[in-house]
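K.L.:
Sharing a structure here in structure tokens format.
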2 protein chains.
Amino acid sequence: MAGATTSRKTGPGDAAAARADGELPVSRHYRRARRDRGADTRARLIAAALDVFGREGFEGATTREIAREAGANLAAIVYHFGGKEELYRAVAEYIVERTSGLVGPAVALASAPQATESVEAARATLFRMIETYVDVILGTDEAERWARFIIREQLQPTSAFDIIYRFMGGTHALGAKLVARILGRSEEDEEVRIRVFAMIGQIMVFRVAHALVLRRMEWPSIGEDERAAIRRVILLHVEAILEAEAGP
Amino acid sequence: MAGATTSRKTGPGDAAAARADGELPVSRHYRRARRDRGADTRARLIAAALDVFGREGFEGATTREIAREAGANLAAIVYHFGGKEELYRAVAEYIVERTSGLVGPAVALASAPQATESVEAARATLFRMIETYVDVILGTDEAERWARFIIREQLQPTSAFDIIYRFMGGTHALGAKLVARILGRSEEDEEVRIRVFAMIGQIMVFRVAHALVLRRMEWPSIGEDERAAIRRVILLHVEAILEAEAGP
DNA sequence: GTCTATAGTCGGATAGAC
DNA sequence: GTCTATCCGACTATAGAC
């Protein structure tokens, strides 16, 4: 990654340093006149950075392009975040926040003790979770950008990996808990964990191999109908997978 | 991508232009003294480029690093390929060649008319194909590099996409033919095609989410044993998926 | 075919006015 | 907080010796 920064002027991106200097971290909470002008720039920069980093990768992205797309000044990136690398991490945090919000209800349901009360409950919860993830991953306009960013981070983990991992690892663990209950196994079981990854793969492939999918399916894009078709097939598959095991 | 090149000196990377100038495209076929010194440099450059482009992406990769890793001179890239972009396309072609070679026997089997003679034959051929792909994608040392390169190309298709697509699209089509036969459907059937993508996803996820898989599975790497475990689960899943449909 | 030296471009970070 | 101007390092591509 880029050269490490040595010492720098104080900005909101450097909250800890600011406090150490005796300042109060009030930057985002001043009165109401011109309120949140800084926070607004910050938000626009993150949105633009998510897009550009996702399309071009960390190295390929230029701070100039991000600033232009955000309608902000080049120097604003250093001011608000400290530098390109810190902006990148801020984007990772933003993605985790946003996606956590979207899958929140389904995750809450799966985390509740009732979810594993019975095999039937676990099965219903798992299906609900899969539906939610298909819709979030394939349905949101934003998801394309998130996916690109996250996949790149998988290919070449950087300092932002841990931020992403907290979220994705949690999803896999939750899936493993449900599948373990359904199959009557331990959630530590190697096979259970592999199975959950295979299930995740069935959803993910439509995002990762997006360009290939569109060409082979002769779809102009993945819209409402296409997503419904995908959801149907995946639920059918998961059902078959679980049935086979529950059988003789 | 980088700025377009206008006019350039002639090199073997520019075979068409060379011929247009009246030269013969003999560069790789001269006598035996010092034979293939050029071809050797070329091959080392492609291997290094595959690695660096895969790790850093097109923009992130630098021709300096590629040249250094190849033990070649910086100017050799321009001489042999014409420039960074042409080298990138040469890598894509190399990947298709190599992988085609590895999956060749399985593809030949699946392409033969006997493969779809009966449902049983189609099923056996599909299983054979899946085993081969799991081994190639997860087993080869080189595959990690191929995968990184290919996935990046999916995220942000460049002029190399068509080269990759010929290969991947062919694989999906072959899978669709077999699955269609097994389920007694048309290979144009939308559901069949979605199902094949879902099957591919179950394999691919272990490459794409490699870092996540290692952490969650508590594996140091995907070796012989881990690959066997994955293969077992995926074959079980595919069997379950096909059974469910063939059933009542 | 391979090498060194360098031209020309562009990127991230900074200084300091407002 | 935002802006312009600028520095400086790193990159691709080229020229031309060997």
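By convention here, the chains of the structure tokens are called A, B, ... in the order presented, each chain's residues are numbered starting at 1, and ligands are numbered starting at 1 in the order presented.
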Please list as a list in words every residue within 12 Å of Thr158 (chain B), counting only C-alpha atoms (C1' of nucleotides) and excluding residues in the same chain fewer than 4 positions away.
P.N.:
Arg55, Glu56 and Ala211 of chain A; Met1, Ala2, Gly57, Phe58, Glu59, Glu85, Glu86, Tyr88, Arg89, Ala92, Phe149, Ile150, Ile151, Arg152, Glu153, Gln154, Asp162, Ile163, Ile164 and Tyr165 of chain B
K.L.:
Select all residues from chain B having any atom no more than 9 Å from an atom of chain A (counting only C-alpha atoms, ignoring ligands), output as a PyMOL selection string.
P.N.:
chain B and resi 54-61+147-148+151-152+154-157+165+168-169+172-173+190-191+193-195+197-213+215-217+229-230+233-234+236-245
K.L.:
Compile a residue-level contact table for chain D against chain A at a cut-off of 8 Å, reporting for every qualifying residue the shortest atom pair and its distance in Å to one decimal, with only C-alpha atoms (C1' of nucleotides) counted, rows ordered by chain and ascending number, as JSON lines.
P.N.:
{"residue": "D:DG1", "atom": "C1'", "partner": "A:Gly38", "partner_atom": "CA", "distance": 6.5}
{"residue": "D:DT2", "atom": "C1'", "partner": "A:Asn73", "partner_atom": "CA", "distance": 7.2}
{"residue": "D:DC3", "atom": "C1'", "partner": "A:Asn73", "partner_atom": "CA", "distance": 7.2}
K.L.:
Next, dump the selected residues to file, keeping only N, CA and C atoms (P, O5', C5', C4', C3', O3' and C1' of nucleotides), as a short mmCIF file (atom, residue, chain, number, x, y, z; two decimals), in the first residue's frame.
P.N.:
data_model
loop_
_atom_site.label_atom_id
_atom_site.label_comp_id
_atom_site.auth_asym_id
_atom_site.auth_seq_id
_atom_site.Cartn_x
_atom_site.Cartn_y
_atom_site.Cartn_z
P DG D 1 -16.04 21.17 10.88
"O5'" DG D 1 -16.07 21.17 9.29
"C5'" DG D 1 -15.12 22.00 8.70
"C4'" DG D 1 -15.64 22.50 7.40
"C3'" DG D 1 -15.31 21.56 6.24
"O3'" DG D 1 -16.27 21.80 5.22
"C1'" DG D 1 -14.03 23.54 6.07
P DT D 2 -16.21 21.00 3.81
"O5'" DT D 2 -15.45 22.01 2.84
"C5'" DT D 2 -16.08 23.23 2.49
"C4'" DT D 2 -15.15 24.05 1.62
"C3'" DT D 2 -14.60 23.29 0.41
"O3'" DT D 2 -15.06 23.95 -0.76
"C1'" DT D 2 -12.90 24.55 1.50
P DC D 3 -14.68 23.33 -2.18
"O5'" DC D 3 -13.36 24.14 -2.58
"C5'" DC D 3 -13.46 25.51 -2.97
"C4'" DC D 3 -12.09 26.13 -3.05
"C3'" DC D 3 -11.19 25.51 -4.12
"O3'" DC D 3 -11.28 26.28 -5.31
"C1'" DC D 3 -10.01 25.96 -2.07
#
K.L.:
Write out as a VMD selection string every residue belonging to chain C that has an atom at most 9 Å from any atom of chain A, counting only C-alpha atoms (C1' of nucleotides).
P.N.:
chain C and resid 11 to 14
K.L.:
What's the separation between CA of Thr125 (chain A) and CA of Arg166 (chain A), in Å to one decimal place?
P.N.:
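Straight-line distance from CA of Thr125 (chain A) to CA of Arg166 (chain A) works out to 21.3 Å.
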K.L.:
Using CA of Thr140 (chain B) and CA of Arg123 (chain B) as the two end points, give the distance in Å to one decimal.
P.N.:
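Calculated distance between CA of Thr140 (chain B) and CA of Arg123 (chain B) is 25.2 Å.
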K.L.:
DSSP on the backbone, alpha helix (DSSP H) only: what residues of region 14-245 of chain B does that give? Format it as a VMD selection string.
P.N.:
chain B and resid 15 to 20 37 to 60 63 to 70 74 to 81 84 to 111 119 to 139 141 to 155 161 to 183 190 to 208 210 to 217 224 to 245
K.L.:
Any idea what's packed within 10 Å of region 4-10 of chain C, counting only C-alpha atoms (C1' of nucleotides), ignoring anything in its chain fewer than 6 positions away? Could you give it as a PyMOL selection string?
P.N.:
(chain A and resi 62) or (chain D and resi 10-17)
K.L.:
How far is it from CA of Ala47 (chain A) to CA of Leu102 (chain A), in Å with one decimal?
P.N.:
17.0 Å
